[in-house]
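Asks: Handing over input-v9.txt, compact mmCIF, C-alpha atoms (C1' of nucleotides).
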```txt
# COMPACT_ATOMS: atom_id res chain seq x y z
CA MET A 97 11.70 -23.38 7.31
CA THR A 98 9.15 -21.74 9.58
CA LYS A 99 11.68 -20.58 12.15
CA LEU A 100 11.52 -16.93 11.10
CA LEU A 101 7.73 -17.08 11.06
CA THR A 102 7.57 -18.59 14.55
CA GLN A 103 9.88 -15.90 15.85
CA ASN A 104 7.78 -13.21 14.22
CA ILE A 105 4.57 -14.53 15.77
CA LEU A 106 6.06 -14.86 19.25
CA ASN A 107 7.12 -11.24 18.95
CA HIS A 108 3.46 -10.28 19.02
CA ILE A 109 1.70 -12.87 21.19
CA THR A 110 2.43 -16.02 23.20
CA LEU A 111 1.42 -19.39 21.78
CA SER A 112 2.08 -22.98 22.86
CA GLN A 113 4.35 -25.09 20.67
CA LYS A 114 1.30 -27.04 19.57
CA GLU A 115 -0.55 -23.92 18.52
CA ILE A 116 2.48 -22.63 16.66
CA ASP A 117 2.91 -25.87 14.78
CA SER A 118 -0.75 -26.10 13.91
CA PHE A 119 -0.72 -22.51 12.61
CA CYS A 120 2.57 -22.79 10.72
CA ASN A 121 1.35 -25.96 9.03
CA LEU A 122 -1.27 -23.90 7.23
CA PHE A 123 1.46 -22.14 5.21
CA ASP A 124 2.93 -23.28 1.90
CA GLN A 125 6.38 -22.25 0.84
CA LYS A 126 6.81 -20.65 -2.55
CA GLU A 127 9.88 -19.47 -4.42
CA VAL A 128 9.51 -16.36 -6.52
CA GLN A 129 12.21 -15.43 -8.99
CA LYS A 130 13.40 -11.89 -9.41
CA LYS A 131 10.96 -9.82 -11.51
CA HIS A 132 8.23 -12.44 -11.18
CA PHE A 133 4.84 -11.52 -9.76
CA LEU A 134 2.93 -12.78 -6.73
CA LEU A 135 -0.06 -10.64 -7.70
CA ARG A 136 -1.14 -8.50 -10.64
CA GLU A 137 -3.78 -5.83 -11.02
CA GLY A 138 -7.22 -7.28 -11.66
CA GLN A 139 -6.53 -10.54 -9.82
CA ILE A 140 -8.16 -11.36 -6.52
CA CYS A 141 -5.47 -11.67 -3.87
CA LYS A 142 -5.80 -15.21 -2.54
CA PHE A 143 -3.02 -15.18 0.00
CA GLU A 144 -1.40 -13.52 2.91
CA GLY A 145 2.38 -13.99 2.79
CA PHE A 146 5.40 -13.91 5.07
CA VAL A 147 8.74 -13.20 3.41
CA THR A 148 11.54 -15.56 4.48
CA LYS A 149 14.03 -14.55 1.80
CA GLY A 150 14.42 -11.72 -0.67
CA LEU A 151 12.56 -8.52 -1.30
CA PHE A 152 9.22 -7.52 -2.82
CA ARG A 153 7.62 -4.29 -3.87
CA VAL A 154 3.89 -3.68 -3.62
CA TYR A 155 2.87 -1.03 -6.10
CA HIS A 156 0.13 0.58 -8.08
CA ILE A 157 0.12 1.88 -11.66
CA ASP A 158 -1.96 5.01 -12.09
CA SER A 159 -3.94 6.15 -15.12
CA ASN A 160 -0.88 7.92 -16.54
CA GLY A 161 1.23 4.79 -16.32
CA PHE A 162 3.26 5.94 -13.31
CA GLU A 163 4.14 3.54 -10.54
CA GLN A 164 3.61 4.29 -6.85
CA VAL A 165 5.11 1.97 -4.27
CA LEU A 166 2.83 1.30 -1.33
CA TYR A 167 5.52 -0.58 0.54
CA PHE A 168 8.54 -2.84 0.28
CA ALA A 169 8.65 -6.18 2.07
CA GLN A 170 11.91 -7.89 2.91
CA GLU A 171 12.68 -10.83 5.17
CA ASN A 172 10.41 -10.96 8.21
CA TRP A 173 7.73 -8.76 6.64
CA TRP A 174 4.17 -9.69 5.72
CA ILE A 175 2.73 -9.04 2.26
CA THR A 176 -0.74 -9.05 0.84
CA ASP A 177 -3.22 -6.68 -0.72
CA ILE A 178 -5.39 -6.52 2.37
CA ASP A 179 -8.13 -4.75 0.43
CA SER A 180 -8.46 -7.40 -2.25
CA PHE A 181 -7.81 -10.29 0.17
CA THR A 182 -10.41 -9.13 2.70
CA ASN A 183 -13.16 -8.06 0.31
CA GLU A 184 -12.38 -10.58 -2.44
CA THR A 185 -12.38 -7.78 -5.00
CA PRO A 186 -9.98 -7.35 -7.95
CA SER A 187 -6.69 -5.89 -6.80
CA GLN A 188 -5.38 -2.52 -7.90
CA LEU A 189 -1.88 -3.61 -6.97
CA TYR A 190 1.10 -5.52 -8.26
CA ILE A 191 3.37 -7.53 -5.97
CA GLN A 192 6.70 -8.25 -7.60
CA ALA A 193 9.93 -9.83 -6.37
CA LEU A 194 12.89 -7.46 -6.71
CA GLU A 195 15.31 -10.29 -5.82
CA ASP A 196 15.05 -14.08 -5.92
CA SER A 197 12.72 -14.60 -2.98
CA GLU A 198 10.87 -17.07 -0.81
CA VAL A 199 7.51 -16.61 0.91
CA LEU A 200 5.24 -18.63 3.15
CA LEU A 201 1.65 -18.30 1.95
CA ILE A 202 -1.62 -18.91 3.75
CA SER A 203 -4.97 -18.98 1.98
CA LYS A 204 -8.07 -17.14 3.10
CA LYS A 205 -9.79 -20.42 3.96
CA ASP A 206 -6.91 -21.59 6.13
CA LYS A 207 -6.70 -18.19 7.79
CA GLU A 208 -10.41 -18.31 8.61
CA PHE A 209 -9.82 -21.81 9.97
CA ALA A 210 -7.07 -20.48 12.21
CA TYR A 211 -9.29 -17.64 13.44
CA GLY A 212 -11.89 -20.22 14.42
CA ASN A 213 -9.60 -22.83 15.95
CA ILE A 214 -6.75 -20.87 17.51
CA PRO A 215 -8.38 -17.91 19.28
CA LYS A 216 -5.10 -16.08 19.79
CA ILE A 217 -4.62 -15.82 16.03
CA GLU A 218 -7.41 -13.28 16.00
CA LYS A 219 -5.37 -11.25 18.48
CA LEU A 220 -2.20 -11.74 16.42
CA PHE A 221 -3.69 -10.24 13.29
CA ARG A 222 -5.50 -7.55 15.26
CA ILE A 223 -2.15 -6.45 16.67
CA MET A 224 -0.30 -6.78 13.36
CA THR A 225 -2.94 -4.79 11.49
CA GLN A 226 -2.76 -2.13 14.18
CA LYS A 227 1.00 -1.88 13.74
CA THR A 228 0.93 -1.59 9.98
CA HIS A 229 -1.86 0.95 10.32
CA ILE A 230 0.22 3.01 12.73
CA SER A 231 3.17 3.03 10.30
CA LEU A 232 0.97 4.04 7.42
CA GLN A 233 -0.57 6.79 9.54
CA ARG A 234 2.91 8.12 10.28
CA ARG A 235 3.84 7.96 6.61
CA MET A 236 0.64 9.79 5.66
CA ILE A 237 1.46 12.64 8.02
CA ASP A 238 5.02 12.79 6.69
CA ASN A 239 3.79 12.89 3.11
CA LEU A 240 1.43 15.71 3.92
CA SER A 241 3.91 17.76 5.91
CA LYS A 242 7.43 17.12 4.65
CA THR A 243 9.31 18.11 1.54
CA ALA A 244 10.74 15.44 -0.76
CA ASP A 245 14.31 16.16 0.44
CA GLN A 246 13.31 15.44 4.01
CA ARG A 247 11.30 12.34 3.11
CA TYR A 248 14.35 10.96 1.30
CA ILE A 249 16.64 11.65 4.25
CA ASP A 250 14.08 10.08 6.59
CA PHE A 251 13.83 7.01 4.36
CA ILE A 252 17.57 6.40 4.46
CA GLU A 253 17.60 6.77 8.22
CA LYS A 254 14.59 4.58 8.82
CA TYR A 255 15.42 1.83 6.33
CA PRO A 256 19.21 1.88 5.84
CA ASN A 257 19.08 -1.75 4.83
CA LEU A 258 16.34 -1.33 2.22
CA PHE A 259 18.15 1.74 0.92
CA GLN A 260 21.14 -0.46 0.07
CA ARG A 261 19.03 -2.99 -1.79
CA LEU A 262 16.84 -0.64 -3.81
CA THR A 263 17.47 1.36 -6.96
CA ASN A 264 16.75 5.09 -6.96
CA LEU A 265 13.88 4.37 -9.31
CA GLN A 266 12.18 2.28 -6.63
CA ILE A 267 12.88 4.76 -3.86
CA ALA A 268 11.49 7.62 -5.96
CA ALA A 269 8.31 5.61 -6.58
CA TYR A 270 7.97 5.17 -2.82
CA LEU A 271 8.60 8.84 -2.04
CA GLY A 272 6.13 9.91 -4.71
CA ILE A 273 8.57 11.89 -6.86
CA SER A 274 10.16 11.43 -10.30
CA HIS A 275 13.51 9.66 -10.33
CA GLU A 276 15.07 12.66 -12.07
CA PHE A 277 14.09 14.85 -9.18
CA LEU A 278 15.46 12.31 -6.72
CA SER A 279 18.73 12.49 -8.63
CA LYS A 280 18.78 16.26 -8.12
CA ILE A 281 18.04 15.86 -4.42
CA ARG A 282 20.94 13.42 -4.14
CA ARG A 283 23.30 15.87 -5.83
CA LYS A 284 22.17 18.67 -3.52
CA ILE A 285 22.71 16.52 -0.43
CA ALA A 286 26.08 15.26 -1.65
CA SER A 287 27.35 18.79 -2.27
CA LYS A 288 26.76 19.79 1.34
CA MET B 300 -27.87 6.33 24.06
CA THR B 301 -25.88 3.39 22.77
CA LYS B 302 -28.25 2.60 19.92
CA LEU B 303 -25.92 3.95 17.23
CA LEU B 304 -23.00 2.07 18.78
CA THR B 305 -24.94 -1.20 18.87
CA GLN B 306 -25.89 -0.78 15.24
CA ASN B 307 -22.30 -0.05 14.31
CA ILE B 308 -21.03 -3.16 16.08
CA LEU B 309 -23.65 -5.44 14.55
CA ASN B 310 -22.57 -4.13 11.17
CA HIS B 311 -19.25 -5.89 11.69
CA ILE B 312 -19.97 -9.00 13.79
CA THR B 313 -22.86 -10.78 15.47
CA LEU B 314 -23.21 -10.57 19.25
CA SER B 315 -25.91 -11.68 21.68
CA GLN B 316 -27.94 -8.97 23.43
CA LYS B 317 -26.11 -9.83 26.62
CA GLU B 318 -22.70 -9.42 25.01
CA ILE B 319 -23.75 -6.13 23.46
CA ASP B 320 -24.99 -4.77 26.77
CA SER B 321 -21.92 -5.89 28.62
CA PHE B 322 -19.67 -4.25 26.02
CA CYS B 323 -21.69 -1.03 25.71
CA ASN B 324 -21.67 -0.65 29.49
CA LEU B 325 -17.92 -0.11 29.33
CA PHE B 326 -18.43 3.23 27.55
CA ASP B 327 -18.94 6.62 29.15
CA GLN B 328 -20.72 9.40 27.38
CA LYS B 329 -19.01 12.74 27.06
CA GLU B 330 -20.12 16.03 25.58
CA VAL B 331 -17.51 18.09 23.80
CA GLN B 332 -18.24 21.68 22.90
CA LYS B 333 -17.25 23.14 19.56
CA LYS B 334 -13.53 24.04 19.46
CA HIS B 335 -12.79 22.02 22.61
CA PHE B 336 -10.24 19.24 22.55
CA LEU B 337 -10.48 15.53 23.28
CA LEU B 338 -6.72 15.18 22.89
CA ARG B 339 -3.72 17.45 22.51
CA GLU B 340 -0.17 16.86 21.34
CA GLY B 341 2.02 15.48 24.10
CA GLN B 342 -0.81 13.79 25.98
CA ILE B 343 -1.17 10.04 26.09
CA CYS B 344 -4.41 9.06 24.41
CA LYS B 345 -6.40 7.23 27.10
CA PHE B 346 -9.53 6.46 25.11
CA GLU B 347 -11.06 5.02 22.05
CA GLY B 348 -14.21 6.92 21.10
CA PHE B 349 -17.37 6.49 19.07
CA VAL B 350 -19.02 9.67 17.82
CA THR B 351 -22.77 9.81 18.43
CA LYS B 352 -23.25 13.48 17.60
CA GLY B 353 -21.23 16.20 15.91
CA LEU B 354 -17.94 16.28 14.09
CA PHE B 355 -14.26 16.05 15.01
CA ARG B 356 -11.01 16.61 13.23
CA VAL B 357 -7.87 14.63 14.00
CA TYR B 358 -4.85 16.64 13.00
CA HIS B 359 -1.14 17.20 13.35
CA ILE B 360 0.83 20.44 13.53
CA ASP B 361 4.19 20.21 11.77
CA SER B 362 7.44 21.98 12.62
CA ASN B 363 6.45 24.94 10.44
CA GLY B 364 3.17 25.37 12.26
CA PHE B 365 1.03 23.97 9.44
CA GLU B 366 -1.90 21.71 10.20
CA GLN B 367 -2.48 18.39 8.45
CA VAL B 368 -5.78 16.60 8.95
CA LEU B 369 -5.42 12.85 9.31
CA TYR B 370 -9.17 12.33 9.25
CA PHE B 371 -12.56 13.72 10.16
CA ALA B 372 -14.98 11.77 12.34
CA GLN B 373 -18.69 12.46 12.28
CA GLU B 374 -21.61 10.45 13.72
CA ASN B 375 -21.01 6.72 13.58
CA TRP B 376 -17.24 7.04 13.25
CA TRP B 377 -14.57 5.93 15.70
CA ILE B 378 -11.83 8.26 16.92
CA THR B 379 -8.57 7.75 18.73
CA ASP B 380 -4.87 8.19 18.19
CA ILE B 381 -4.25 4.49 17.74
CA ASP B 382 -0.49 5.05 17.92
CA SER B 383 -0.57 6.80 21.29
CA PHE B 384 -3.39 4.63 22.65
CA THR B 385 -1.71 1.36 21.73
CA ASN B 386 1.86 2.19 22.68
CA GLU B 387 1.02 4.55 25.53
CA THR B 388 3.35 7.17 24.07
CA PRO B 389 2.78 10.94 23.85
CA SER B 390 0.50 11.79 20.98
CA GLN B 391 1.56 13.86 17.99
CA LEU B 392 -2.06 14.64 17.29
CA TYR B 393 -4.87 16.96 18.28
CA ILE B 394 -8.49 15.85 18.33
CA GLN B 395 -10.87 18.78 18.29
CA ALA B 396 -14.65 19.12 18.01
CA LEU B 397 -15.67 21.21 15.00
CA GLU B 398 -19.29 21.26 16.21
CA ASP B 399 -20.92 20.67 19.58
CA SER B 400 -20.47 16.91 19.84
CA GLU B 401 -21.05 13.78 21.86
CA VAL B 402 -18.84 10.72 22.09
CA LEU B 403 -18.88 7.38 23.87
CA LEU B 404 -15.45 6.67 25.34
CA ILE B 405 -13.87 3.42 26.43
CA SER B 406 -10.63 3.26 28.40
CA LYS B 407 -7.71 1.02 27.57
CA LYS B 408 -8.32 -1.04 30.70
CA ASP B 409 -11.95 -1.65 29.83
CA LYS B 410 -11.05 -2.47 26.27
CA GLU B 411 -8.51 -5.03 27.46
CA PHE B 412 -11.21 -6.39 29.74
CA ALA B 413 -13.54 -6.78 26.77
CA TYR B 414 -10.83 -8.53 24.74
CA GLY B 415 -10.46 -11.02 27.57
CA ASN B 416 -14.13 -11.57 28.39
CA ILE B 417 -15.97 -11.21 25.07
CA PRO B 418 -13.88 -13.10 22.53
CA LYS B 419 -15.71 -11.64 19.54
CA ILE B 420 -14.57 -8.14 20.51
CA GLU B 421 -11.11 -9.14 19.39
CA LYS B 422 -12.61 -9.95 16.00
CA LEU B 423 -14.57 -6.69 15.98
CA PHE B 424 -11.49 -4.55 16.37
CA ARG B 425 -9.46 -6.72 14.03
CA ILE B 426 -12.07 -6.11 11.34
CA MET B 427 -12.46 -2.42 12.11
CA THR B 428 -8.71 -1.83 12.09
CA GLN B 429 -8.51 -3.66 8.76
CA LYS B 430 -11.18 -1.40 7.30
CA THR B 431 -9.57 1.83 8.44
CA HIS B 432 -6.25 0.51 7.17
CA ILE B 433 -7.75 -0.22 3.77
CA SER B 434 -9.16 3.33 3.54
CA LEU B 435 -5.86 4.83 4.52
CA GLN B 436 -4.07 2.65 1.97
CA ARG B 437 -6.41 3.94 -0.74
CA ARG B 438 -5.85 7.51 0.38
CA MET B 439 -2.07 6.99 0.35
CA ILE B 440 -2.19 5.78 -3.25
CA ASP B 441 -4.41 8.71 -4.23
CA ASN B 442 -2.08 11.18 -2.57
CA LEU B 443 0.89 9.71 -4.40
CA SER B 444 -0.78 9.53 -7.79
CA LYS B 445 -3.41 12.23 -8.10
CA THR B 446 -3.22 15.96 -8.54
CA ALA B 447 -4.81 18.27 -5.95
CA ASP B 448 -7.69 19.11 -8.33
CA GLN B 449 -8.61 15.47 -8.63
CA ARG B 450 -8.25 14.80 -4.91
CA TYR B 451 -10.62 17.67 -4.19
CA ILE B 452 -13.20 16.37 -6.69
CA ASP B 453 -12.85 12.88 -5.22
CA PHE B 454 -13.33 14.23 -1.71
CA ILE B 455 -16.61 15.92 -2.60
CA GLU B 456 -17.87 12.78 -4.27
CA LYS B 457 -16.81 10.48 -1.50
CA TYR B 458 -17.89 12.63 1.45
CA PRO B 459 -20.67 14.95 0.18
CA ASN B 460 -21.99 15.24 3.68
CA LEU B 461 -18.65 16.16 5.26
CA PHE B 462 -18.05 18.61 2.43
CA GLN B 463 -21.17 20.51 3.51
CA ARG B 464 -20.10 20.70 7.12
CA LEU B 465 -16.44 21.66 6.66
CA THR B 466 -14.76 24.94 5.81
CA ASN B 467 -12.35 25.09 2.88
CA LEU B 468 -9.60 25.59 5.42
CA GLN B 469 -10.30 22.16 6.89
CA ILE B 470 -10.64 20.49 3.51
CA ALA B 471 -7.35 22.00 2.33
CA ALA B 472 -5.62 20.67 5.45
CA TYR B 473 -6.98 17.22 4.62
CA LEU B 474 -5.93 17.37 0.97
CA GLY B 475 -2.46 18.58 1.91
CA ILE B 476 -2.59 21.92 0.07
CA SER B 477 -2.79 25.58 1.09
CA HIS B 478 -6.28 27.01 1.36
CA GLU B 479 -5.35 29.69 -1.17
CA PHE B 480 -4.59 27.04 -3.72
CA LEU B 481 -7.85 25.26 -2.93
CA SER B 482 -9.60 28.55 -3.62
CA LYS B 483 -7.96 28.65 -7.06
CA ILE B 484 -8.97 25.07 -7.74
CA ARG B 485 -12.55 25.94 -6.84
CA ARG B 486 -12.55 28.87 -9.22
CA LYS B 487 -11.16 26.74 -12.03
CA ILE B 488 -13.81 24.07 -11.48
CA ALA B 489 -16.62 26.63 -11.21
CA SER B 490 -15.63 28.28 -14.48
CA LYS B 491 -16.02 25.03 -16.42
C1' DT C 214 -27.42 45.18 15.23
C1' DT C 215 -22.79 46.03 15.24
C1' DC C 216 -18.10 45.05 15.75
C1' DA C 217 -14.64 41.56 15.83
C1' DT C 218 -13.13 37.34 14.16
C1' DT C 219 -12.84 33.85 11.02
C1' DT C 220 -13.11 32.37 6.36
C1' DA C 221 -12.63 32.96 1.30
C1' DT C 222 -10.78 35.10 -2.87
C1' DT C 223 -7.35 37.15 -5.76
C1' DG C 224 -2.79 38.42 -7.94
C1' DA C 225 2.16 38.49 -8.21
C1' DA C 226 6.45 36.51 -7.20
C1' DC C 227 8.45 32.47 -5.83
C1' DT C 228 9.68 27.37 -4.85
C1' DT C 229 9.11 22.70 -5.59
C1' DG C 230 8.75 19.20 -8.54
C1' DT C 231 7.83 17.39 -13.65
C1' DT C 232 8.82 16.46 -18.35
C1' DC C 233 11.60 15.56 -22.08
C1' DA C 234 15.65 14.62 -24.35
C1' DA C 235 20.42 13.69 -24.32
C1' DT C 236 24.38 11.35 -22.25
C1' DG C 237 26.89 8.46 -19.25
C1' DT C 238 27.13 4.46 -16.13
C1' DT C 239 26.16 -0.02 -14.37
C1' DT C 240 24.18 -4.53 -14.64
C1' DT C 241 22.52 -8.39 -17.09
C1' DT C 242 22.55 -11.70 -20.47
C1' DA C 243 23.95 -14.19 -24.50
C1' DT D 255 33.40 -10.32 -23.11
C1' DA D 256 30.49 -7.74 -26.03
C1' DA D 257 26.01 -6.08 -26.75
C1' DA D 258 21.75 -4.98 -24.79
C1' DA D 259 19.06 -3.43 -21.22
C1' DA D 260 18.26 -1.05 -17.14
C1' DC D 261 19.63 2.66 -14.23
C1' DA D 262 21.44 7.36 -13.10
C1' DT D 263 22.58 12.15 -14.12
C1' DT D 264 22.02 16.63 -16.14
C1' DG D 265 19.92 20.92 -18.17
C1' DA D 266 16.22 23.57 -19.91
C1' DA D 267 11.47 24.60 -20.23
C1' DC D 268 7.37 23.95 -17.93
C1' DA D 269 3.51 22.98 -14.48
C1' DA D 270 1.87 22.55 -9.84
C1' DG D 271 1.58 24.41 -5.61
C1' DT D 272 3.22 28.10 -1.97
C1' DT D 273 3.74 32.47 0.12
C1' DC D 274 2.57 36.96 1.12
C1' DA D 275 -0.27 40.76 1.20
C1' DA D 276 -4.49 42.94 0.26
C1' DT D 277 -9.47 42.79 0.21
C1' DA D 278 -14.09 40.92 0.51
C1' DA D 279 -17.51 38.04 2.55
C1' DA D 280 -19.55 35.37 6.14
C1' DT D 281 -20.10 34.20 10.94
C1' DG D 282 -20.32 34.76 15.77
C1' DA D 283 -20.61 37.14 20.09
C1' DA D 284 -22.03 41.09 22.83
```
How would this structure read if it were set down as structure tokens?
Replies:
Amino acid sequence: MTKLLTQNILNHITLSQKEIDSFCNLFDQKEVQKKHFLLREGQICKFEGFVTKGLFRVYHIDSNGFEQVLYFAQENWWITDIDSFTNETPSQLYIQALEDSEVLLISKKDKEFAYGNIPKIEKLFRIMTQKTHISLQRRMIDNLSKTADQRYIDFIEKYPNLFQRLTNLQIAAYLGISHEFLSKIRRKIASK
Amino acid sequence: MTKLLTQNILNHITLSQKEIDSFCNLFDQKEVQKKHFLLREGQICKFEGFVTKGLFRVYHIDSNGFEQVLYFAQENWWITDIDSFTNETPSQLYIQALEDSEVLLISKKDKEFAYGNIPKIEKLFRIMTQKTHISLQRRMIDNLSKTADQRYIDFIEKYPNLFQRLTNLQIAAYLGISHEFLSKIRRKIASK
DNA sequence: TTCATTTATTGAACTTGTTCAATGTTTTTA
DNA sequence: TAAAAACATTGAACAAGTTCAATAAATGAA
């Protein structure tokens, strides 16, 4: 059950079997049906999660009712609203399963426990946060500098697997464009 | 000389005087004249820096020659290209002083040393990386959901001090719009 | 202080992307 | 398997933002 998680951790740092077991034991498995929510706006995010099956979208709804996707999380990805989780403030985000999914969840208390009792866990999350920050930094630059056409082409190249599993509606919400415009981009690309 | 740095660290974690001294000793002070560079595209970023005086911009030049500002760093802010520094890959960024400035720099080797010898430093950077990630996440959502007018108004509110010290050219490059369009936004706002 | 350079403003034409409404297609569910 | 719901496409009118070129204003260096 925690095989994927173990693998993921060992990808970042080295831990003894004992440390791994003790850390993995802090997680609870949860099944989340398609369209069900792990988190809604206004709630305080009480968990950090590791996806073992399925696919989630983490998104925001703006004042005009439009949805913006912050990121998608499929198998082997971590999900949380780090803002709400860290500061214990109401979330501005929704986390919804786009397929029948399974996650391993750890609470803030248990995570703090791990920080205190397994020193390398501090390093693990330092490294993981760095990596997600680096990706977001790259995405920020792309969003500032590239046209929607190019961002769409980049998305397909970078996440061919996600591309297969997502609707154009979801991809448009990630790229920051209307789905109608995405449709026109697709036609333009196809006609080449 | 390291008073600001000490204050900044104690804002995030608690350290003994001895730990503080031992960590602060790993930094070298450097003066950077206005318009001079701490880092240029193609170089590997060898430092993590803490600004004690002045103002820097961290920016990217895209394939069309346009500049996008990833962030500004004034006194009490940290600067680095975390991507290049962490992965030891050529940077895509420029870091330039916009005023005569002073920074405290730590090398990768010394930072690794600190991780190994002062356990709480791991926590310090985990927390700091989380915070910068949270800000970037908020900025990403704003960029996806808000119009340029609103982003400009938000910028002034959020960074009134930076706003005073920056030209409209720099602000436009941060907001992701042309400076001509920013000029039109300013006129529109002024006429209200 | 003056000349050169950088920064800011403006207007007109243009491009990118949105909105709305209609229609067709696919997927889900009863 | 039929009906409903969600998703995708299209066109036309519109809004947001760019580009280019000209000019004015502010700043910096000699």
Asks: Dump as a VMD selection string the residues of chain B that approach chain A to within 9 Å, counting all atoms listed in the file.
Replies: chain B and resid 358 to 363 365 to 369 381 to 382 385 414 418 421 to 422 424 to 426 428 to 440 442 to 445 472 to 476
Asks: Could you name the residues that touch DC216 (chain C) at 12 Å or less, counting all atoms listed in the file, but leaving out those on the same chain fewer than 4 positions away, as a list in words?
Replies: DG282, DA283 and DA284 of chain D
Asks: Return as number ranges by chain the residues belonging to chain B that are within 12 Å of chain D, counting only C-alpha atoms (C1' of nucleotides).
Replies: B: 445-448, 466, 475-481, 483-484
Asks: Show me which bits of chain C are within 12 Å of chain A, counting only C-alpha atoms (C1' of nucleotides), as a list in words.
Replies: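 So the residues of chain C near chain A are DT228, DT229, DG230, DT231, DT232, DC233, DT239 and DT240 of chain C.
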Asks: Figure out the distance between CA of Tyr451 (chain B) and CA of Ala489 (chain B), please, to one decimal in Å.
Replies: 12.9 Å
Asks: Can you sort out the box for region 194-200 of chain A, edges along x, y and z, all listed atoms in, 5 Å on every side, with centre and edge lengths in Å to one decimal, as AutoDock Vina command-line options?
Replies:
```
--center_x 10.3 --center_y -13.0 --center_z -1.8 --size_x 20.1 --size_y 21.2 --size_z 19.9
```
Asks: Can you work out the spacing between CA of Glu198 (chain A) and CA of Phe168 (chain A) in Å, to one decimal?
Replies: 14.5 Å
Asks: Find the spatial neighbours of Met97 (chain A), counting all atoms listed in the file, within a cut-off of 12 Å - ignore same-chain residues fewer than 4 positions away - and output them as a list in words.
Replies: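 Once the nearby chain positions are removed, what remains is Leu101, Thr102, Gln103, Asp117, Cys120, Asn121, Phe123, Asp124, Gln125, Lys126, Phe146, Val147, Thr148, Lys149, Glu198, Val199 and Leu200 of chain A.
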Asks: Any chance you can output those residues with C-alpha atoms as a PDB file, in the frame of the given file?
Replies:
```
ATOM      1  CA  LEU A 101       7.730 -17.080  11.060  1.00  0.00           C
ATOM      2  CA  THR A 102       7.570 -18.590  14.550  1.00  0.00           C
ATOM      3  CA  GLN A 103       9.880 -15.900  15.850  1.00  0.00           C
ATOM      4  CA  ASP A 117       2.910 -25.870  14.780  1.00  0.00           C
ATOM      5  CA  CYS A 120       2.570 -22.790  10.720  1.00  0.00           C
ATOM      6  CA  ASN A 121       1.350 -25.960   9.030  1.00  0.00           C
ATOM      7  CA  PHE A 123       1.460 -22.140   5.210  1.00  0.00           C
ATOM      8  CA  ASP A 124       2.930 -23.280   1.900  1.00  0.00           C
ATOM      9  CA  GLN A 125       6.380 -22.250   0.840  1.00  0.00           C
ATOM     10  CA  LYS A 126       6.810 -20.650  -2.550  1.00  0.00           C
ATOM     11  CA  PHE A 146       5.400 -13.910   5.070  1.00  0.00           C
ATOM     12  CA  VAL A 147       8.740 -13.200   3.410  1.00  0.00           C
ATOM     13  CA  THR A 148      11.540 -15.560   4.480  1.00  0.00           C
ATOM     14  CA  LYS A 149      14.030 -14.550   1.800  1.00  0.00           C
ATOM     15  CA  GLU A 198      10.870 -17.070  -0.810  1.00  0.00           C
ATOM     16  CA  VAL A 199       7.510 -16.610   0.910  1.00  0.00           C
ATOM     17  CA  LEU A 200       5.240 -18.630   3.150  1.00  0.00           C
TER      18      LEU A 200
END
```
Asks: Compile the contact shell of Phe119 (chain A) as a ChimeraX atom specification: residues with an atom at most 8 Å away, counting all atoms listed in the file, same-chain residues fewer than 3 positions apart removed.
Replies: /A:115-116,122-123,210,214
Asks: Residues as selected, C-alpha atoms, written as a PDB file, keeping the file's coordinate frame, can you do that?
Replies:
```
ATOM      1  CA  GLU A 115      -0.550 -23.920  18.520  1.00  0.00           C
ATOM      2  CA  ILE A 116       2.480 -22.630  16.660  1.00  0.00           C
ATOM      3  CA  LEU A 122      -1.270 -23.900   7.230  1.00  0.00           C
ATOM      4  CA  PHE A 123       1.460 -22.140   5.210  1.00  0.00           C
ATOM      5  CA  ALA A 210      -7.070 -20.480  12.210  1.00  0.00           C
ATOM      6  CA  ILE A 214      -6.750 -20.870  17.510  1.00  0.00           C
TER       7      ILE A 214
END
```
Asks: Please rebuild region 232-239 of chain A with N, CA and C atoms and give the result as a CSV table (one decimal), keeping the file's coordinate frame.
Replies:
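Output file selection.csv follows:
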```csv
chain,number,residue,atom,x,y,z
A,232,LEU,N,1.5,3.3,8.6
A,232,LEU,CA,1.0,4.0,7.4
A,232,LEU,C,0.5,5.4,7.8
A,233,GLN,N,-0.1,5.5,9.0
A,233,GLN,CA,-0.6,6.8,9.5
A,233,GLN,C,0.6,7.8,9.7
A,234,ARG,N,1.7,7.3,10.2
A,234,ARG,CA,2.9,8.1,10.3
A,234,ARG,C,3.4,8.6,8.9
A,235,ARG,N,3.4,7.6,8.0
A,235,ARG,CA,3.8,8.0,6.6
A,235,ARG,C,2.9,9.0,6.0
A,236,MET,N,1.6,8.8,6.2
A,236,MET,CA,0.6,9.8,5.7
A,236,MET,C,0.9,11.2,6.2
A,237,ILE,N,1.1,11.3,7.5
A,237,ILE,CA,1.5,12.6,8.0
A,237,ILE,C,2.7,13.2,7.4
A,238,ASP,N,3.8,12.3,7.3
A,238,ASP,CA,5.0,12.8,6.7
A,238,ASP,C,4.8,13.3,5.3
A,239,ASN,N,4.0,12.5,4.5
A,239,ASN,CA,3.8,12.9,3.1
A,239,ASN,C,3.0,14.2,3.0
```
